[in-house]
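The structure appears below as structure tokens.
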Amino acid sequence: MSTLPQPRVRAPELRTRGGWLNTDGPLSLADLRGKIVLLDFWTFACVNCLHVLDELRPLERKYRDVLVVVGVHSPKFAHETEHAAVAAAIERYEVYHPVLDDPDLALWRQYAVRAWPTLVLVDPEGYIVAQAAGEGHISGLDRIIGELVHTHQANGTLNRGNGRNEHPPRAAADLRFPAKAVALADSLLVADAGQHQLVELARDGVTVLRRIGSGSRGARDGPSDAASFAEPSGLALLPPAVAGFDVVVADTANHVLRGVRLDDGAVVATIDLPGRLTQTTVTGAVPAVLSPWDVAWWPAIKRVVVAAAGVHLLLSWDPATGRVEILAGTTVEGLRDGPAFDGWLAQPSGLAVDDDRLWFVDAETSSLRFLDVERQLHTVVGQGLFEFGHLDGPGATARLQHPLGVTMLADRSVAVLDAYNGAVRRYDPVTDLVSTLASGLAEPTGAVLVEGELVVVESAAHRLVRPVGPARRHVGEARHTERPASSLAPGSILLDVVFTPPPGRKLDDRDGPATRLSVSASPPELLVSGAGDGTALRRELVLAQGTGTIHVTAQAAACDDDPAIANPACHLARQDWGVPVEIGPSGADELRLMLLG
């Protein structure tokens with residue numbers, strides 16, 4: 001892959017109406033001449049964007065004197081256009097590089113970005129040299145950056161020095177960005193994601209009784225004061241004698257489950273979900289970055305259910321055998337009901353059990369859904385990846401905005417923690433009606449029933465509250481994520497997903513094709529032919545006239561190209577695109593998507 005494509009394209013300047021964060025003043029590419037600049041187009045609702053933030057950390061340390069990472073926050077949901085919400089997300093996820101808030105997607109358009117996340121690499125002279133969508137590209141970009149350093153050092157166009165300093169440690173607080181809670185016999189256990197701990201509170205939800213975990217980001221088992229977590233989220237209390245511990249924890253940023261013993265607070269087990277999962281899906285192997293956001297014990301199947309937000313799956317873990325299996329989903333991000341292994345999920349983030357139903361919220365489709373014991377998926381609220389709002393009424397017309405939690409109420413109705421609407425909503429399965437129980441909250445993400453009263457985890461306010469009142473009707477509106485649509489011609493067009501292995505790597509076809517492609521459309525009739533799964537990254541599509549979204553999932557495996565190495569290291573790149581399209585006579589006859597190029 002050439003790192004200096006011809007003709008060279010100068011990177012557009014960094015100008016938006018939004019403000020800058022994590023920097024003393026505005027930055028410009030002109031000011032950064034001599035540095036290698038990596039632009040990260042992200043949004044804080046996107047779990048894959050959060051994975052890339054973690055991937056970037058070692059790259060930033062390695063090239064701290066030559067590389068400047070700039071986050072370009074490009075919102076999907078209305079809540080994400082609020083500058084204060086972006087600032088809170090930067091604190092929550094420990095982002096220390098400069099971030100430019102782009103609420104109108106101005107730079108998204110100028111850089112022709114089509115997906116969250118997208119990385120754009122700019123050389124020391126201000127020219128774009130590479131673009132990559134999705135996860136799994138950091139090691140490849142590392143190689144390209146290494147070549148850029150060598151070339152521009154020799155040319156005298158590289159400016160070393162003035163690397164950023166690590167952010168100073170934050171002062172301890174009772175809670176910082178708590179995620180979810182579970183009721184114990186006489187207390188509450190809270191996943192304190194922002195401080196990488198579990199915190200046990202008295203039933204008042206305020207008094208701290210003890211902390212489990214050192215408070216440093218890590219993945220260490222051991223005594224209460226020495227063990228470590230990384231952004232723990234979901235918690236589930238297990239029945240007696242099911243496992244050698246009492247509480248299972250979704251250790252989100254470590255992509256594992258942890259087992260905690262309550263009598264002494266020791267962390268006694270780490271369950272490696274990717275390592276125990278042998279199944280594949282219609283789109284290939286399951287990536288290792290699962291991001292488990294919630295867990296629940298489902299007595300009907302005698303398993304722990306895992307909401308694996310990072311790969312759009314529901315998993316099960318059997319404490320008796322240690323087996324991890326897929327319960328629902330294909331890893332394709334979207335909204336599709338029916339048989340569990342054919343269904344599509346979109347960042348499942350909260351779980352609740354009611355006998356033969358497993359209720360869950362899919363954050364990216366703003367939906368409330370359930371899986372029954374017959375392994376069928378059902379959606380009661382939600383329309384798709386780009387439909388959201390705050391609207392009560394019948395389930396078919398009601399709207400949520402990026403819900404992150406769900407809890408069963410005493411009357412067997414469902415409380416939904418509607419995070420980006422700052423609300424607690426109620427769905428009644430008997431009447432099929434959605435109502436609002438509370439509003440004006442700062443990103444509620446979880447809740448637990450305490451003596452019949454709902455205690456809500458108000459994450460961005462760093463506290464637990466009891467805000468719920470009588471159900472009321474909220475007359476709001478249905479909204480749609482506004483992104484520039486691609487204009488395509490009806491009839492035959494070429495879909496071209498570009499993937500060029502980085503320097504020193506080649507596609508890994510030793511065990512079969514190294515690439516996979518899955519294509520569908522919403523509405524389905526938009527795609528006359530070309531839907532389905534295959535291995536080639538180029539495909540002819542036949543489109544009908546109209547508007548909608550083309551869904552594309554692509555992945556490619558590239559390995560080190562060194563004949564002297566018997567077992568070369570391999571790296572999987574993957575991305576889901578939901579491309580809004582307008583199909584009419586004046587449209588283009590090609591849709592090009594950049595996986596890495």
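FYI, nothing fancy with the structure tokens labels: chains A, B, ... in order, residues from 1 per chain, ligands from 1 as they appear.
Surrounding range 345-354 of chain A within 6 Å are Trp293, Asp294, Ala307, Ala309, His312, Gly329, Glu333, Gly334, Leu335, Arg357, Leu358, Trp359, Phe360, Val361, Asp362, Ala363, Glu364, Leu404, Gly405, Val406 and Thr407 of chain A, with only C-alpha atoms counted and residues fewer than 2 positions along the same chain left out.
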As a PyMOL selection string, please: all residues of range 176-265 of chain A that backbone DSSP puts in helix (DSSP H, G or I).
chain A and resi 193-195+252-254
For the residues in the current selection, export all heavy atoms as an mmCIF file, in the first residue's frame.
data_model
loop_
_atom_site.group_PDB
_atom_site.id
_atom_site.type_symbol
_atom_site.label_atom_id
_atom_site.label_comp_id
_atom_site.auth_asym_id
_atom_site.auth_seq_id
_atom_site.Cartn_x
_atom_site.Cartn_y
_atom_site.Cartn_z
ATOM 1 N N ALA A 193 -18.348 2.625 37.204
ATOM 2 C CA ALA A 193 -17.529 2.474 36.003
ATOM 3 C C ALA A 193 -16.416 3.505 35.925
ATOM 4 O O ALA A 193 -15.303 3.194 35.502
ATOM 5 C CB ALA A 193 -18.414 2.562 34.762
ATOM 6 N N GLY A 194 -16.702 4.748 36.326
ATOM 7 C CA GLY A 194 -15.709 5.806 36.186
ATOM 8 C C GLY A 194 -14.522 5.677 37.105
ATOM 9 O O GLY A 194 -13.482 6.304 36.882
ATOM 10 N N GLN A 195 -14.645 4.858 38.167
ATOM 11 C CA GLN A 195 -13.528 4.640 39.095
ATOM 12 C C GLN A 195 -13.077 3.181 39.125
ATOM 13 O O GLN A 195 -12.308 2.789 39.989
ATOM 14 C CB GLN A 195 -13.897 5.131 40.502
ATOM 15 C CG GLN A 195 -14.165 6.627 40.526
ATOM 16 C CD GLN A 195 -14.461 7.172 41.905
ATOM 17 O OE1 GLN A 195 -13.696 7.954 42.446
ATOM 18 N NE2 GLN A 195 -15.589 6.787 42.494
ATOM 19 N N THR A 252 -16.571 -4.443 31.421
ATOM 20 C CA THR A 252 -16.820 -4.046 30.038
ATOM 21 C C THR A 252 -15.561 -3.825 29.218
ATOM 22 O O THR A 252 -15.396 -4.399 28.137
ATOM 23 C CB THR A 252 -17.688 -2.777 30.027
ATOM 24 O OG1 THR A 252 -18.889 -3.051 30.750
ATOM 25 C CG2 THR A 252 -18.046 -2.368 28.611
ATOM 26 N N ALA A 253 -14.658 -2.970 29.680
ATOM 27 C CA ALA A 253 -13.492 -2.631 28.869
ATOM 28 C C ALA A 253 -12.436 -3.727 28.869
ATOM 29 O O ALA A 253 -11.505 -3.689 28.054
ATOM 30 C CB ALA A 253 -12.881 -1.314 29.338
ATOM 31 N N ASN A 254 -12.565 -4.724 29.771
ATOM 32 C CA ASN A 254 -11.704 -5.902 29.700
ATOM 33 C C ASN A 254 -12.307 -7.002 28.835
ATOM 34 O O ASN A 254 -11.650 -8.014 28.571
ATOM 35 C CB ASN A 254 -11.447 -6.460 31.107
ATOM 36 C CG ASN A 254 -10.389 -5.679 31.863
ATOM 37 O OD1 ASN A 254 -9.432 -5.190 31.282
ATOM 38 N ND2 ASN A 254 -10.566 -5.552 33.172
#
Could you produce a table of the residues of range 373-424 of chain A lying within 12 Å of range 520-542 of chain A, with the nearest pair of atoms per residue and their separation in Å rounded to one decimal, using only C-alpha atoms, ordered by chain and increasing residue number, as a Markdown table?
| residue | atom | partner | partner_atom | distance |
| --- | --- | --- | --- | --- |
| A:Gln383 | CA | A:Ser522 | CA | 10.7 |
| A:Gly384 | CA | A:Ser522 | CA | 8.9 |
| A:Leu385 | CA | A:Ser522 | CA | 10.1 |
| A:Phe386 | CA | A:Ser522 | CA | 11.1 |
For N, CA and C atoms, I'd like the residues from the last selection saved as a short mmCIF file (atom, residue, chain, number, x, y, z; two decimals), in the first residue's frame.
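Dumped everything to part21.cif:
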data_model
loop_
_atom_site.label_atom_id
_atom_site.label_comp_id
_atom_site.auth_asym_id
_atom_site.auth_seq_id
_atom_site.Cartn_x
_atom_site.Cartn_y
_atom_site.Cartn_z
N GLN A 383 -37.78 1.34 15.69
CA GLN A 383 -37.99 1.30 14.25
C GLN A 383 -36.72 1.02 13.45
N GLY A 384 -35.56 1.31 14.00
CA GLY A 384 -34.35 1.09 13.22
C GLY A 384 -33.18 1.91 13.73
N LEU A 385 -32.06 1.80 13.04
CA LEU A 385 -30.81 2.41 13.48
C LEU A 385 -30.86 3.93 13.57
N PHE A 386 -31.70 4.57 12.80
CA PHE A 386 -31.66 6.03 12.73
C PHE A 386 -32.95 6.68 13.18
#
What's around Gly265 in chain A at 9 Å? Count only C-alpha atoms, leave out sequence neighbours fewer than 4 positions away in its own chain, and write the answer as a PyMOL selection string.
chain A and resi 210-213+223-225+260-261
Store the residues of this selection in a file with all heavy atoms, as a tab-separated table (two decimals), in the first residue's frame.
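What ended up in again32.tsv:
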chain	number	residue	atom	x	y	z
A	210	ARG	N	-18.46	-0.17	51.61
A	210	ARG	CA	-17.13	-0.68	51.23
A	210	ARG	C	-16.94	-0.55	49.73
A	210	ARG	O	-17.90	-0.33	48.98
A	210	ARG	CB	-16.95	-2.13	51.66
A	210	ARG	CG	-17.88	-3.11	50.96
A	210	ARG	CD	-17.49	-4.55	51.25
A	210	ARG	NE	-18.53	-5.48	50.81
A	210	ARG	CZ	-18.37	-6.80	50.75
A	210	ARG	NH1	-17.22	-7.35	51.11
A	210	ARG	NH2	-19.37	-7.59	50.36
A	211	ARG	N	-15.68	-0.70	49.31
A	211	ARG	CA	-15.32	-0.68	47.90
A	211	ARG	C	-14.63	-1.99	47.56
A	211	ARG	O	-13.86	-2.53	48.36
A	211	ARG	CB	-14.40	0.50	47.59
A	211	ARG	CG	-15.07	1.85	47.81
A	211	ARG	CD	-14.14	3.01	47.47
A	211	ARG	NE	-14.82	4.27	47.73
A	211	ARG	CZ	-15.64	4.89	46.90
A	211	ARG	NH1	-15.86	4.34	45.70
A	211	ARG	NH2	-16.22	6.00	47.21
A	212	ILE	N	-14.91	-2.47	46.38
A	212	ILE	CA	-14.29	-3.69	45.88
A	212	ILE	C	-13.50	-3.32	44.63
A	212	ILE	O	-14.05	-2.86	43.63
A	212	ILE	CB	-15.34	-4.77	45.56
A	212	ILE	CG1	-16.10	-5.15	46.84
A	212	ILE	CG2	-14.69	-5.99	44.92
A	212	ILE	CD1	-17.25	-6.09	46.61
A	213	GLY	N	-12.20	-3.48	44.72
A	213	GLY	CA	-11.32	-3.10	43.62
A	213	GLY	C	-10.41	-1.96	44.03
A	213	GLY	O	-10.78	-1.10	44.85
A	223	PRO	N	-7.64	-10.14	46.35
A	223	PRO	CA	-8.38	-9.54	47.46
A	223	PRO	C	-9.07	-8.25	47.07
A	223	PRO	O	-8.70	-7.60	46.08
A	223	PRO	CB	-7.29	-9.30	48.52
A	223	PRO	CG	-6.16	-10.17	48.12
A	223	PRO	CD	-6.22	-10.30	46.64
A	224	SER	N	-10.04	-7.85	47.87
A	224	SER	CA	-10.87	-6.70	47.56
A	224	SER	C	-10.07	-5.44	47.26
A	224	SER	O	-10.41	-4.69	46.35
A	224	SER	CB	-11.83	-6.45	48.73
A	224	SER	OG	-12.59	-5.30	48.52
A	225	ASP	N	-9.00	-5.20	48.02
A	225	ASP	CA	-8.26	-3.95	47.85
A	225	ASP	C	-7.21	-4.02	46.75
A	225	ASP	O	-6.61	-3.00	46.39
A	225	ASP	CB	-7.60	-3.54	49.16
A	225	ASP	CG	-6.63	-4.59	49.68
A	225	ASP	OD1	-6.62	-5.72	49.13
A	225	ASP	OD2	-5.88	-4.29	50.63
A	260	VAL	N	-17.29	-12.33	41.86
A	260	VAL	CA	-16.99	-11.68	43.13
A	260	VAL	C	-17.64	-12.44	44.27
A	260	VAL	O	-18.84	-12.77	44.20
A	260	VAL	CB	-17.47	-10.21	43.13
A	260	VAL	CG1	-17.26	-9.56	44.49
A	260	VAL	CG2	-16.76	-9.41	42.04
A	261	ARG	N	-16.87	-12.71	45.31
A	261	ARG	CA	-17.36	-13.35	46.53
A	261	ARG	C	-17.75	-12.25	47.51
A	261	ARG	O	-16.94	-11.36	47.82
A	261	ARG	CB	-16.26	-14.23	47.10
A	261	ARG	CG	-16.70	-15.27	48.09
A	261	ARG	CD	-15.58	-16.26	48.33
A	261	ARG	NE	-14.34	-15.60	48.74
A	261	ARG	CZ	-13.12	-16.08	48.52
A	261	ARG	NH1	-12.98	-17.23	47.87
A	261	ARG	NH2	-12.05	-15.44	48.93
Secondary structure check, strand (DSSP E) residues of range 237-299 of chain A, as a count of residues only
27
If we count only C-alpha atoms, what is near Arg574 in chain A at a cut-off of 7 Å, once residues fewer than 3 positions away on the same chain are taken out, given as a PyMOL selection string?
chain A and resi 134-136+554-556
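Each of A:Val72, A:Leu409, A:Ala308, A:Val468 was checked against Thr436 in chain A using only C-alpha atoms; the smallest atom-to-atom distance is that of A:Val468.
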Find the residues of range 14-122 of chain A that sit at most 9 Å from range 410-433 of chain A; for each, write down the nearest two atoms and how far apart they are in Å, to one decimal. Count only C-alpha atoms. Sort by chain, then by number going up, and give it as JSON lines.
{"residue": "A:Phe77", "atom": "CA", "partner": "A:Tyr420", "partner_atom": "CA", "distance": 8.0}
{"residue": "A:Ala78", "atom": "CA", "partner": "A:Tyr420", "partner_atom": "CA", "distance": 8.0}
{"residue": "A:His79", "atom": "CA", "partner": "A:Tyr420", "partner_atom": "CA", "distance": 5.6}
{"residue": "A:Glu80", "atom": "CA", "partner": "A:Tyr420", "partner_atom": "CA", "distance": 8.1}
Suppose we keep C-alpha atoms; can you now write the selection as a PDB file, in the first residue's frame?
ATOM      1  CA  PHE A  77     -28.365  11.276  18.478  1.00  0.00           C
ATOM      2  CA  ALA A  78     -29.793  14.644  19.519  1.00  0.00           C
ATOM      3  CA  HIS A  79     -28.334  14.281  23.027  1.00  0.00           C
ATOM      4  CA  GLU A  80     -24.860  13.942  21.525  1.00  0.00           C
TER       5      GLU A  80
END
Considering only C-alpha atoms, return as a VMD selection string whatever protein or nucleic-acid residues lie within 6 Å of Ser187 in chain A, sequence-local ones (same chain, fewer than 6 positions apart) excluded.
chain A and resid 201 to 203
Provide the CA of Ala266 in chain A to CA of Ala236 in chain A distance in Å, to one decimal place.
15.9 Å
One-decimal distance in Å that lies between CA of Thr481 in chain A and CA of Ser28 in chain A
28.5 Å
Identify, on the basis of only C-alpha atoms, every residue whose closest approach to Leu50 in chain A does not exceed 9 Å; exclude the query and any residue fewer than 5 positions from it along the same chain; express the result as a PyMOL selection string.
chain A and resi 42-45+55+93+117+253
Only N, CA, C and O atoms, please: the residues just picked out, written as an mmCIF file, in the first residue's frame.
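Written out: out_26.cif:
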data_model
loop_
_atom_site.group_PDB
_atom_site.id
_atom_site.type_symbol
_atom_site.label_atom_id
_atom_site.label_comp_id
_atom_site.auth_asym_id
_atom_site.auth_seq_id
_atom_site.Cartn_x
_atom_site.Cartn_y
_atom_site.Cartn_z
ATOM 1 N N TRP A 42 -15.689 10.103 15.746
ATOM 2 C CA TRP A 42 -16.331 9.211 16.698
ATOM 3 C C TRP A 42 -17.576 9.870 17.258
ATOM 4 O O TRP A 42 -17.826 11.059 17.039
ATOM 5 N N THR A 43 -18.370 9.071 17.955
ATOM 6 C CA THR A 43 -19.489 9.604 18.719
ATOM 7 C C THR A 43 -19.639 8.732 19.959
ATOM 8 O O THR A 43 -19.392 7.521 19.915
ATOM 9 N N PHE A 44 -19.994 9.334 21.086
ATOM 10 C CA PHE A 44 -19.867 8.600 22.340
ATOM 11 C C PHE A 44 -20.937 7.543 22.540
ATOM 12 O O PHE A 44 -20.832 6.713 23.443
ATOM 13 N N ALA A 45 -21.989 7.504 21.714
ATOM 14 C CA ALA A 45 -22.973 6.425 21.795
ATOM 15 C C ALA A 45 -22.470 5.137 21.178
ATOM 16 O O ALA A 45 -23.001 4.062 21.453
ATOM 17 N N GLU A 55 -7.918 1.305 21.641
ATOM 18 C CA GLU A 55 -6.867 0.897 20.708
ATOM 19 C C GLU A 55 -5.830 2.005 20.512
ATOM 20 O O GLU A 55 -4.644 1.736 20.315
ATOM 21 N N TYR A 93 -14.788 8.488 29.619
ATOM 22 C CA TYR A 93 -13.978 7.506 28.902
ATOM 23 C C TYR A 93 -12.493 7.843 28.905
ATOM 24 O O TYR A 93 -11.722 7.246 28.152
ATOM 25 N N PRO A 117 -16.716 4.174 13.779
ATOM 26 C CA PRO A 117 -15.688 5.209 13.762
ATOM 27 C C PRO A 117 -14.952 5.210 12.425
ATOM 28 O O PRO A 117 -14.930 4.203 11.719
ATOM 29 N N ALA A 253 -14.658 -2.970 29.680
ATOM 30 C CA ALA A 253 -13.492 -2.631 28.869
ATOM 31 C C ALA A 253 -12.436 -3.727 28.869
ATOM 32 O O ALA A 253 -11.505 -3.689 28.054
#
Using only C-alpha atoms, the residue out of A:Asp65, A:Asp174, A:Asp221, A:Glu451 with shortest distance to Val206 in chain A is A:Asp174
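Excluding range 102-111 of chain A itself and same-chain residues fewer than 4 positions from it, the residues having an atom within 8 Å of it are A:Ala11, A:Pro12, A:Leu14, A:Arg15, A:Thr16, A:Arg17, A:Gly18, A:Gly19, A:Phe41, A:Val72, A:His73, A:Ser74, A:Pro75, A:Glu80, A:Thr81, A:Glu82, A:Arg483, A:Pro484, counting only C-alpha atoms.
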Given the selection you just returned, output its residues as a file containing C-alpha atoms, formatted as a short mmCIF file (atom, residue, chain, number, x, y, z; two decimals), in the first residue's frame.
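Saved file out_19.cif follows:
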data_model
loop_
_atom_site.label_atom_id
_atom_site.label_comp_id
_atom_site.auth_asym_id
_atom_site.auth_seq_id
_atom_site.Cartn_x
_atom_site.Cartn_y
_atom_site.Cartn_z
CA ALA A 11 -6.70 17.61 4.38
CA PRO A 12 -9.52 20.12 4.96
CA LEU A 14 -10.41 21.84 11.25
CA ARG A 15 -13.27 24.33 11.41
CA THR A 16 -16.73 23.78 12.90
CA ARG A 17 -19.19 25.82 14.94
CA GLY A 18 -18.57 23.52 17.92
CA GLY A 19 -15.93 24.17 20.53
CA PHE A 41 -14.31 10.63 13.80
CA VAL A 72 -13.76 14.86 15.87
CA HIS A 73 -16.99 14.24 17.72
CA SER A 74 -19.66 13.58 15.09
CA PRO A 75 -23.05 13.01 16.76
CA GLU A 80 -24.86 13.94 21.52
CA THR A 81 -25.11 17.41 19.95
CA GLU A 82 -25.01 18.97 23.43
CA ARG A 483 -26.79 12.34 7.65
CA PRO A 484 -25.99 13.22 4.04
#
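Using only C-alpha atoms, the nearest neighbour of Val149 in chain A within the list A:Gly34, A:Pro568, A:Pro502, A:Gly476 is A:Gly34.
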Would you tabulate, counting only C-alpha atoms, all residues of range 162-244 of chain A that have an atom at most 12 Å from an atom of range 317-322 of chain A, showing the closest pair of atoms and their distance in Å to one decimal, sorted by chain then ascending number, as a tab-separated table?
residue	atom	partner	partner_atom	distance
A:Leu238	CA	A:Pro319	CA	10.0
A:Pro239	CA	A:Pro319	CA	11.1
A:Pro240	CA	A:Pro319	CA	11.9
A:Ala241	CA	A:Pro319	CA	10.0
A:Val242	CA	A:Pro319	CA	6.6
A:Ala243	CA	A:Pro319	CA	5.8
A:Gly244	CA	A:Pro319	CA	9.0
Selected residues written out with C-alpha atoms, as a PDB file, in the first residue's frame:
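Result file out01.pdb:
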ATOM      1  CA  LEU A 238     -26.393 -15.684  41.285  1.00  0.00           C
ATOM      2  CA  PRO A 239     -28.445 -18.366  43.061  1.00  0.00           C
ATOM      3  CA  PRO A 240     -26.598 -20.180  45.861  1.00  0.00           C
ATOM      4  CA  ALA A 241     -24.136 -22.883  44.832  1.00  0.00           C
ATOM      5  CA  VAL A 242     -24.345 -22.103  41.110  1.00  0.00           C
ATOM      6  CA  ALA A 243     -20.738 -20.952  40.982  1.00  0.00           C
ATOM      7  CA  GLY A 244     -17.853 -20.441  43.371  1.00  0.00           C
TER       8      GLY A 244
END
For Leu517 in chain A, which residue among A:Thr280, A:Leu595, A:Cys559, A:Val286 is the nearest when counting only C-alpha atoms?
A:Leu595
